[in-house]
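Colleague: Please find input_21.txt (compact mmCIF, C-alpha atoms) on the next line:
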# COMPACT_ATOMS: atom_id res chain seq x y z
CA MET A 67 29.40 -46.66 -34.27
CA ILE A 68 26.89 -47.86 -31.66
CA HIS A 69 29.42 -47.46 -28.86
CA ALA A 70 29.84 -43.74 -29.76
CA GLU A 71 26.07 -43.20 -29.73
CA VAL A 72 25.60 -44.67 -26.29
CA VAL A 73 28.40 -42.58 -24.86
CA ASP A 74 26.88 -39.49 -26.43
CA ARG A 75 23.56 -40.20 -24.79
CA ILE A 76 25.02 -40.63 -21.35
CA GLY A 77 27.27 -37.60 -21.83
CA LEU A 78 30.04 -39.07 -19.75
CA MET A 79 32.11 -36.40 -18.03
CA GLY A 80 32.87 -34.47 -21.24
CA LEU A 81 35.47 -37.07 -22.23
CA THR A 82 33.80 -38.15 -25.42
CA LEU A 83 31.47 -35.24 -26.07
CA THR A 84 31.31 -33.87 -29.54
CA SER A 85 32.30 -30.25 -29.94
CA ARG A 86 28.66 -29.31 -30.52
CA GLU A 87 27.60 -30.74 -27.20
CA ARG A 88 30.50 -29.00 -25.49
CA GLU A 89 29.22 -25.69 -26.88
CA GLU A 90 25.75 -26.38 -25.58
CA ARG A 91 27.13 -27.15 -22.13
CA GLU A 92 28.92 -23.79 -21.95
CA MET A 93 25.89 -21.88 -23.22
CA HIS A 94 23.81 -23.37 -20.45
CA SER A 95 26.37 -22.47 -17.83
CA ALA A 96 26.12 -18.82 -18.77
CA VAL A 97 22.36 -18.83 -18.42
CA GLN A 98 22.59 -20.79 -15.21
CA ARG A 99 25.12 -18.33 -13.85
CA ALA A 100 22.91 -15.37 -14.63
CA ASN A 101 19.96 -17.15 -13.09
CA ALA A 102 21.86 -17.95 -9.91
CA LEU A 103 23.10 -14.36 -9.63
CA ALA A 104 19.64 -12.90 -10.08
CA THR A 105 18.17 -15.26 -7.50
CA ILE A 106 20.82 -14.48 -4.90
CA ALA A 107 20.43 -10.74 -5.52
CA ALA A 108 16.68 -10.98 -5.11
CA ILE A 109 16.96 -12.99 -1.91
CA LEU A 110 19.50 -10.54 -0.46
CA LEU A 111 17.29 -7.57 -1.31
CA ALA A 112 14.26 -9.19 0.24
CA THR A 113 16.23 -10.01 3.38
CA ILE A 114 17.49 -6.44 3.74
CA CYS A 115 13.99 -5.04 3.29
CA ALA A 116 12.59 -7.43 5.87
CA ALA A 117 15.39 -6.69 8.33
CA ALA A 118 14.91 -2.94 7.95
CA SER A 119 11.23 -3.26 8.64
CA PHE A 120 11.81 -5.62 11.55
CA LEU A 121 14.25 -3.24 13.22
CA ASP A 122 11.70 -0.44 12.98
CA ALA A 123 9.56 -2.21 15.54
CA PHE A 124 12.18 -1.62 18.22
CA ASN A 125 12.03 2.13 17.86
CA SER A 126 10.20 3.50 20.91
CA PRO A 127 9.32 7.07 20.12
CA SER A 128 8.92 9.76 22.73
CA LEU A 129 7.45 12.77 21.13
CA GLN A 130 6.07 15.97 22.48
CA ALA A 131 3.30 18.07 21.10
CA HIS A 132 1.09 20.88 22.12
CA VAL A 133 -1.95 22.39 20.46
CA GLN A 134 -4.07 25.37 21.24
CA VAL A 135 -7.15 26.75 19.56
CA VAL A 136 -6.33 30.38 18.98
CA LYS A 137 -9.61 31.50 17.52
CA ILE A 138 -12.84 30.22 16.09
CA ASN A 139 -13.02 31.78 12.67
CA ARG A 140 -16.45 30.59 11.70
CA PHE A 141 -19.08 28.53 13.43
CA ARG A 142 -22.30 28.25 11.52
CA ARG A 143 -24.93 25.97 10.17
CA GLN A 144 -24.48 25.11 6.52
CA LEU A 145 -27.22 25.33 3.94
CA ASP A 146 -27.63 21.55 3.96
CA GLY A 147 -28.19 21.60 7.71
CA ASN A 148 -24.85 20.48 9.12
CA ASP A 149 -22.75 22.40 11.60
CA GLU A 150 -19.46 23.71 10.31
CA VAL A 151 -16.47 25.07 12.23
CA LYS A 152 -13.28 26.68 10.98
CA MET A 153 -10.64 27.75 13.44
CA THR A 154 -7.05 28.84 13.79
CA LEU A 155 -4.71 26.48 15.58
CA LYS A 156 -1.35 27.02 17.16
CA MET A 157 0.66 23.81 17.27
CA SER A 158 4.15 22.83 18.28
CA MET A 159 5.52 19.32 18.01
CA ASP A 160 8.72 17.36 18.06
CA LEU A 161 8.53 14.25 15.90
CA THR A 162 12.24 13.53 15.59
CA SER A 163 12.08 10.35 17.67
CA LEU A 164 9.77 8.77 15.10
CA PHE A 165 12.45 8.75 12.42
CA THR A 166 14.67 5.75 11.81
CA TRP A 167 17.02 5.14 8.92
CA ASN A 168 14.20 3.24 7.26
CA THR A 169 11.76 6.16 7.42
CA LYS A 170 10.74 7.81 4.18
CA GLN A 171 8.24 10.25 5.60
CA VAL A 172 5.97 10.83 8.55
CA PHE A 173 2.41 11.87 7.82
CA VAL A 174 1.04 13.74 10.81
CA PHE A 175 -2.49 15.00 11.25
CA LEU A 176 -4.60 16.53 13.98
CA ALA A 177 -8.06 15.07 14.41
CA ALA A 178 -11.00 16.50 16.25
CA GLU A 179 -12.72 13.62 18.03
CA TYR A 180 -16.07 13.80 19.75
CA GLU A 181 -19.27 11.84 20.20
CA THR A 182 -22.88 12.69 19.63
CA ASP A 183 -26.24 11.08 20.29
CA THR A 184 -26.34 9.41 16.88
CA ASN A 185 -22.64 8.75 16.44
CA SER A 186 -20.48 6.90 18.92
CA LEU A 187 -17.38 8.33 17.32
CA ASN A 188 -16.63 11.22 15.04
CA GLN A 189 -13.10 11.71 13.80
CA VAL A 190 -12.46 14.70 11.58
CA SER A 191 -9.03 15.65 10.36
CA LEU A 192 -8.42 19.36 10.76
CA TRP A 193 -4.88 19.66 9.53
CA ASP A 194 -2.20 17.41 8.11
CA HIS A 195 1.41 17.69 7.14
CA ILE A 196 4.11 15.52 5.63
CA VAL A 197 7.55 15.55 7.22
CA GLN A 198 10.18 14.08 5.00
CA GLU A 199 13.34 14.73 6.94
CA LYS A 200 14.34 14.37 10.54
CA ASP A 201 15.70 17.93 10.53
CA HIS A 202 12.27 19.31 9.77
CA ALA A 203 10.49 17.20 12.35
CA SER A 204 10.40 19.73 15.14
CA PHE A 205 8.38 22.82 14.40
CA GLN A 206 5.70 25.28 15.39
CA VAL A 207 2.88 26.53 13.25
CA LYS A 208 -0.05 28.85 13.57
CA VAL A 209 -2.48 28.00 10.82
CA PRO A 210 -6.13 28.02 9.92
CA THR A 211 -7.61 24.53 9.77
CA LYS A 212 -6.99 22.83 6.45
CA TYR A 213 -10.31 21.01 6.52
CA PRO A 214 -13.44 22.32 8.19
CA LEU A 215 -15.00 20.42 11.05
CA ILE A 216 -18.38 19.40 9.69
CA ASP A 217 -20.79 17.45 11.80
CA GLN A 218 -23.42 14.98 10.66
CA GLY A 219 -26.12 17.08 12.20
CA THR A 220 -26.25 20.11 14.43
CA ASN A 221 -24.61 18.83 17.57
CA LEU A 222 -21.61 21.08 17.83
CA ARG A 223 -22.90 23.93 19.95
CA GLY A 224 -21.26 23.72 23.34
CA LYS A 225 -19.68 20.40 22.36
CA LYS A 226 -16.49 19.27 24.07
CA VAL A 227 -14.05 18.18 21.37
CA GLY A 228 -10.81 16.31 21.94
CA LEU A 229 -7.81 17.08 19.79
CA VAL A 230 -5.72 14.02 19.01
CA LEU A 231 -2.44 14.03 17.15
CA HIS A 232 -2.04 11.07 14.82
CA TRP A 233 1.01 10.02 12.92
CA HIS A 234 1.73 7.49 10.21
CA ILE A 235 5.31 6.44 9.65
CA MET A 236 5.85 5.43 6.05
CA PRO A 237 9.03 3.43 5.56
CA ILE A 238 11.44 3.16 2.70
CA SER A 239 10.30 -0.44 2.61
CA GLY A 240 8.24 -2.64 4.87
CA ARG A 241 5.57 -2.25 7.47
CA MET A 242 3.87 1.09 8.12
CA ILE A 243 3.42 2.16 11.72
CA GLN A 244 0.61 4.27 13.14
CA GLY A 245 0.35 6.04 16.45
CA LYS A 246 -1.60 8.72 18.23
CA MET A 247 -1.47 10.97 21.22
CA PRO A 248 -4.40 12.84 22.73
CA LEU A 249 -3.67 16.50 23.30
CA SER A 250 -5.89 19.11 24.83
CA ASP A 251 -9.67 19.31 24.74
CA PHE A 252 -11.64 22.39 23.96
CA SER A 253 -15.28 23.36 24.02
CA LEU A 254 -17.09 24.98 21.16
CA PRO A 255 -19.15 28.07 21.83
CA ASP A 256 -22.75 27.63 22.83
CA SER A 257 -24.04 29.55 19.86
CA TYR A 258 -23.06 30.10 16.28
CA THR A 259 -20.67 32.93 15.61
CA THR A 260 -20.10 34.96 12.52
CA ARG A 261 -16.76 36.07 11.17
CA SER A 262 -15.72 39.31 12.83
CA MET B 331 16.90 -47.64 -38.57
CA ASP B 332 17.99 -48.35 -34.97
CA ARG B 333 19.18 -44.79 -34.51
CA ILE B 334 15.84 -43.26 -35.48
CA LYS B 335 13.85 -45.55 -33.20
CA PHE B 336 16.15 -44.77 -30.26
CA LEU B 337 15.78 -41.02 -30.92
CA GLY B 338 11.96 -41.23 -30.89
CA ASP B 339 11.85 -43.05 -27.52
CA VAL B 340 14.12 -40.73 -25.65
CA LYS B 341 12.65 -37.41 -26.79
CA ILE B 342 9.16 -37.91 -25.32
CA ARG B 343 10.10 -38.44 -21.69
CA PRO B 344 12.09 -35.20 -21.22
CA ALA B 345 9.34 -33.22 -22.90
CA LEU B 346 6.74 -34.62 -20.52
CA ILE B 347 8.99 -33.88 -17.55
CA GLN B 348 9.33 -30.29 -18.78
CA LEU B 349 5.58 -30.00 -18.96
CA LEU B 350 5.24 -31.38 -15.46
CA ASN B 351 7.82 -28.88 -14.17
CA LEU B 352 5.91 -26.04 -15.74
CA GLY B 353 2.71 -27.30 -14.16
CA MET B 354 4.39 -27.50 -10.77
CA ILE B 355 5.66 -23.94 -11.02
CA ILE B 356 2.26 -22.61 -12.01
CA SER B 357 0.43 -24.49 -9.26
CA SER B 358 2.89 -23.41 -6.57
CA ALA B 359 2.42 -19.80 -7.60
CA LEU B 360 -1.34 -20.26 -7.45
CA ILE B 361 -1.14 -21.90 -4.03
CA ILE B 362 0.92 -19.02 -2.67
CA TRP B 363 -1.49 -16.45 -4.11
CA LYS B 364 -4.62 -18.13 -2.75
CA GLY B 365 -2.92 -18.70 0.58
CA LEU B 366 -2.12 -14.99 0.80
CA MET B 367 -5.74 -14.21 0.05
CA CYS B 368 -6.83 -16.37 2.97
CA ILE B 369 -4.28 -14.99 5.42
CA THR B 370 -4.86 -11.33 4.69
CA GLY B 371 -8.60 -11.58 4.23
CA CYS B 372 -8.55 -9.55 1.04
CA GLU B 373 -9.43 -10.45 -2.48
CA SER B 374 -6.25 -8.90 -3.74
CA PRO B 375 -3.63 -8.92 -1.02
CA VAL B 376 -1.15 -7.02 -3.13
CA VAL B 377 -1.92 -3.97 -5.25
CA VAL B 378 0.19 -1.76 -7.45
CA VAL B 379 -0.01 2.01 -7.04
CA LEU B 380 -1.15 3.46 -10.34
CA THR B 381 -1.34 7.20 -9.76
CA GLY B 382 0.66 9.89 -8.06
CA SER B 383 -2.15 10.94 -5.75
CA MET B 384 -0.39 9.66 -2.65
CA GLU B 385 3.03 11.09 -3.33
CA PRO B 386 5.56 11.51 -1.87
CA GLY B 387 4.57 8.50 0.19
CA PHE B 388 3.62 6.15 -2.63
CA LYS B 389 4.82 6.55 -6.16
CA ARG B 390 3.58 4.94 -9.34
CA GLY B 391 4.90 1.42 -9.48
CA ASP B 392 5.16 0.76 -5.77
CA ILE B 393 3.35 -2.22 -4.38
CA LEU B 394 1.20 -2.24 -1.27
CA PHE B 395 0.42 -5.15 1.00
CA LEU B 396 -3.15 -5.16 2.17
CA HIS B 397 -4.89 -6.63 5.15
CA MET B 398 -8.52 -6.63 6.14
CA ASN B 399 -10.05 -7.52 9.47
CA LYS B 400 -13.01 -6.68 11.61
CA GLU B 401 -11.28 -3.79 13.36
CA PRO B 402 -13.12 -0.51 12.91
CA ILE B 403 -11.83 1.84 10.28
CA ARG B 404 -10.32 4.98 11.74
CA ALA B 405 -9.01 8.28 10.44
CA GLY B 406 -5.46 8.19 9.15
CA GLU B 407 -5.59 4.69 7.78
CA ILE B 408 -4.71 4.16 4.16
CA VAL B 409 -7.49 2.18 2.57
CA VAL B 410 -8.09 0.67 -0.82
CA TYR B 411 -11.64 1.01 -2.03
CA ASN B 412 -13.79 0.35 -5.04
CA VAL B 413 -16.38 2.81 -6.13
CA ASP B 414 -19.69 1.26 -7.20
CA GLY B 415 -19.51 0.51 -10.85
CA ARG B 416 -15.79 1.11 -11.28
CA ASP B 417 -13.14 -1.56 -11.64
CA ILE B 418 -9.96 0.15 -10.62
CA PRO B 419 -9.42 0.34 -6.86
CA ILE B 420 -8.24 3.61 -5.35
CA VAL B 421 -5.67 3.91 -2.58
CA HIS B 422 -6.24 6.97 -0.38
CA ARG B 423 -6.24 8.01 3.25
CA VAL B 424 -9.27 8.31 5.53
CA ILE B 425 -9.60 11.90 6.72
CA LYS B 426 -13.08 11.78 8.23
CA ALA B 427 -14.88 8.97 9.98
CA HIS B 428 -18.32 8.98 11.58
CA GLU B 429 -19.44 5.83 13.32
CA ARG B 430 -23.12 5.29 14.06
CA ARG B 431 -23.98 4.38 17.58
CA ASP B 432 -26.88 2.10 16.76
CA THR B 433 -25.73 0.15 13.73
CA GLY B 434 -21.96 0.39 14.07
CA GLU B 435 -21.89 1.44 10.43
CA ILE B 436 -19.26 3.95 9.52
CA ASP B 437 -19.24 6.86 7.07
CA ILE B 438 -15.82 7.60 5.64
CA LEU B 439 -14.33 10.38 3.60
CA THR B 440 -11.01 9.81 1.88
CA LYS B 441 -8.42 12.01 0.26
CA GLY B 442 -5.18 11.44 -1.54
CA ASP B 443 -2.23 13.01 0.26
CA ASN B 444 -1.13 14.75 -2.90
CA ASN B 445 -4.60 15.86 -3.98
CA PRO B 446 -5.85 19.35 -3.21
CA VAL B 447 -9.42 18.21 -2.52
CA ASP B 448 -11.08 15.19 -0.98
CA ASP B 449 -12.50 12.29 -2.94
CA ILE B 450 -16.15 13.28 -2.96
CA SER B 451 -16.04 13.86 -6.69
CA LEU B 452 -14.75 10.31 -7.17
CA TYR B 453 -17.61 8.64 -5.38
CA SER B 454 -20.40 7.54 -7.68
CA GLY B 455 -23.45 9.72 -8.21
CA GLY B 456 -24.53 11.76 -5.22
CA GLN B 457 -22.69 9.55 -2.79
CA LEU B 458 -21.19 11.54 0.08
CA TRP B 459 -19.51 8.83 2.12
CA LEU B 460 -17.83 5.49 1.76
CA ASN B 461 -18.96 2.58 3.88
CA ARG B 462 -17.26 -0.55 5.07
CA HIS B 463 -18.42 -2.62 2.16
CA HIS B 464 -16.60 -0.37 -0.27
CA ILE B 465 -13.27 -1.01 1.41
CA ILE B 466 -11.20 -3.85 0.02
CA GLY B 467 -8.37 -3.61 2.49
CA ARG B 468 -6.02 -1.51 4.57
CA ALA B 469 -2.46 -0.88 3.45
CA ILE B 470 -0.06 -2.21 6.06
CA GLY B 471 3.21 -2.54 4.20
CA TYR B 472 4.95 -1.37 1.12
CA LEU B 473 7.74 -2.14 -1.31
CA PRO B 474 9.07 0.47 -3.71
CA TYR B 475 9.40 0.09 -7.49
CA VAL B 476 8.58 -3.63 -7.64
CA GLY B 477 5.22 -3.06 -9.26
CA TYR B 478 6.53 -1.04 -12.15
CA LEU B 479 6.82 -4.20 -14.23
CA THR B 480 3.09 -4.75 -13.85
CA ILE B 481 2.37 -1.22 -15.02
CA ILE B 482 4.59 -1.65 -18.05
CA MET B 483 2.91 -4.94 -18.86
CA THR B 484 -0.54 -3.42 -18.60
CA GLU B 485 0.18 -0.32 -20.59
CA MET B 486 2.31 -1.97 -23.25
CA PRO B 487 0.92 -5.49 -23.80
CA ILE B 488 3.71 -6.24 -26.26
CA VAL B 489 6.10 -6.49 -23.31
CA LYS B 490 3.84 -9.02 -21.61
CA HIS B 491 3.66 -11.18 -24.74
CA LEU B 492 7.41 -10.93 -25.26
CA LEU B 493 8.04 -11.98 -21.66
CA ILE B 494 5.79 -15.02 -21.98
CA VAL B 495 7.52 -16.10 -25.19
CA VAL B 496 10.98 -15.68 -23.66
CA LEU B 497 9.99 -17.59 -20.49
CA ALA B 498 8.46 -20.41 -22.52
CA LEU B 499 11.61 -20.67 -24.63
CA LEU B 500 13.81 -20.78 -21.54
CA VAL B 501 11.75 -23.54 -19.95
CA ILE B 502 11.68 -25.63 -23.11
CA THR B 503 15.34 -25.32 -23.96
CA SER B 504 16.74 -25.86 -20.47
CA LYS B 505 18.09 -29.33 -20.10
CA GLU B 506 17.13 -29.90 -16.48
Take the structure in the file and give it back as structure tokens.
Modeller:
Amino acid sequence: MIHAEVVDRIGLMGLTLTSREREEREMHSAVQRANALATIAAILLATICAAASFLDAFNSPSLQAHVQVVKINRFRRQLDGNDEVKMTLKMSMDLTSLFTWNTKQVFVFLAAEYETDTNSLNQVSLWDHIVQEKDHASFQVKVPTKYPLIDQGTNLRGKKVGLVLHWHIMPISGRMIQGKMPLSDFSLPDSYTTRS
Amino acid sequence: MDRIKFLGDVKIRPALIQLLNLGMIISSALIIWKGLMCITGCESPVVVVLTGSMEPGFKRGDILFLHMNKEPIRAGEIVVYNVDGRDIPIVHRVIKAHERRDTGEIDILTKGDNNPVDDISLYSGGQLWLNRHHIIGRAIGYLPYVGYLTIIMTEMPIVKHLLIVVLALLVITSKE
């Protein structure tokens, strides 16, 4: 009697296990198997995501872009005292070199950048666009500005403004990459205009 | 008589070891979380995207990795910010930035990629700009879908309770 108990406790190699304990052993193996599978799957997935993101860093893009201010649609002083400009832009760009197989979309925007007496830097987005496929990454548009250029103050008359193209590569998984490229400058008129 | 005494002795030790294991798991998780907080400089280094305002870039249920440093905030960056008096952080993109020459302070306007208008209506009261102290962190990386579990657990607490019960059962009944 006592001999059987001791052997039960030690659970020696399944030789003298009762059928109940044998059942419990198998039940645990199933759970352990599922656990091991899930862990390996998770580790593999994490590794692939990390590798995809890591490889993105080696992509050296060479893109081309050109922008031109076609027309100033409105240049006035708002009721609250700030200068406001709306214009029409003609842009052409080729963003295909930014795309890798890990790229979900590229968010591209054109910012007007300038400085004033009170502000060392003003960055105002004039237009943005989302490119989701490499095939659509090279295009030309002629559009009015999506967002008006509004100053903190009345400094825009005669101001020289730089147009900088920014892009933000958003991956399928992993690290996001930002970049920018200054394009042409242009000068605003010396006096307010009204829509013609 | 002997059998019962033997049973009583042996059962306590494994139970204590189980408890210790559980404690180890919980503390390791806590160490990793706090460590991440230190490395990234944010209070919450990982956030779950709750709304569709940044689609198609970020969908509901994606998780974002945040980082915060002293670098100036510039247009185009995706930032996570808290509006005064609100708990839920918002993840949107900076579309306007004005940096003051004298103080170095910066005025920021944000907008969700998928929203038709900028966030001015989201800022509290008559606030027109966000400042640095509103920003919790910058989004630097992203994993799809992983956060959906968190959303389910928040919106249907029954799932969270069920999960805890199942996990507790697994830990207790596992023999190692």
Colleague: Show me, as a list in words, every residue of chain B with an atom at most 6 Å from chain A, counting all atoms listed in the file.
Modeller: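 Output check: Ile425, Lys426, Ala427, His428, Glu429, Arg430, Arg431, Ile470, Gly471, Tyr472 and Leu473 of chain B.
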Colleague: Export C-alpha atoms of the chosen residues as an mmCIF file, in the coordinates of the input?
Modeller:
data_model
loop_
_atom_site.group_PDB
_atom_site.id
_atom_site.type_symbol
_atom_site.label_atom_id
_atom_site.label_comp_id
_atom_site.auth_asym_id
_atom_site.auth_seq_id
_atom_site.Cartn_x
_atom_site.Cartn_y
_atom_site.Cartn_z
ATOM 1 C CA ILE B 425 -9.600 11.900 6.720
ATOM 2 C CA LYS B 426 -13.080 11.780 8.230
ATOM 3 C CA ALA B 427 -14.880 8.970 9.980
ATOM 4 C CA HIS B 428 -18.320 8.980 11.580
ATOM 5 C CA GLU B 429 -19.440 5.830 13.320
ATOM 6 C CA ARG B 430 -23.120 5.290 14.060
ATOM 7 C CA ARG B 431 -23.980 4.380 17.580
ATOM 8 C CA ILE B 470 -0.060 -2.210 6.060
ATOM 9 C CA GLY B 471 3.210 -2.540 4.200
ATOM 10 C CA TYR B 472 4.950 -1.370 1.120
ATOM 11 C CA LEU B 473 7.740 -2.140 -1.310
#
Colleague: Which polymer residues have any atom within 7 Å of an atom of range 390-395 of chain B, counting only C-alpha atoms, with same-chain residues fewer than 2 positions away left out, as an NGL selection string?
Modeller: :B and (375-382 or 388 or 397 or 469-478 or 481)
Colleague: Measuring between only C-alpha atoms, which one of B:Leu492, B:Thr480, B:Ile408, B:Met486 shows the shortest distance to Met384 in chain B?
Modeller: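 Of B:Leu492, B:Thr480, B:Ile408, B:Met486, the one nearest Met384 in chain B is B:Ile408, counting only C-alpha atoms.
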Colleague: By how many Å are CA of Cys368 in chain B and CA of Leu396 in chain B apart?
Modeller: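 Going from CA of Cys368 in chain B over to CA of Leu396 in chain B covers 11.8 Å.
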Colleague: Quick check, in Å to one decimal: how far apart do CA of Cys372 in chain B and CA of Thr433 in chain B lie?
Modeller: 23.5 Å
Colleague: Skipping near chain neighbours, those fewer than 5 positions away, what residues fall within 9 Å of Asn125 in chain A using only C-alpha atoms, listed as an NGL selection string?
Modeller: :A and (163-166)
Colleague: Between CA of Lys208 in chain A and CA of Arg142 in chain A, measure the distance and give it in Å to one decimal.
Modeller: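 Between these atoms lies a distance of 22.4 Å.
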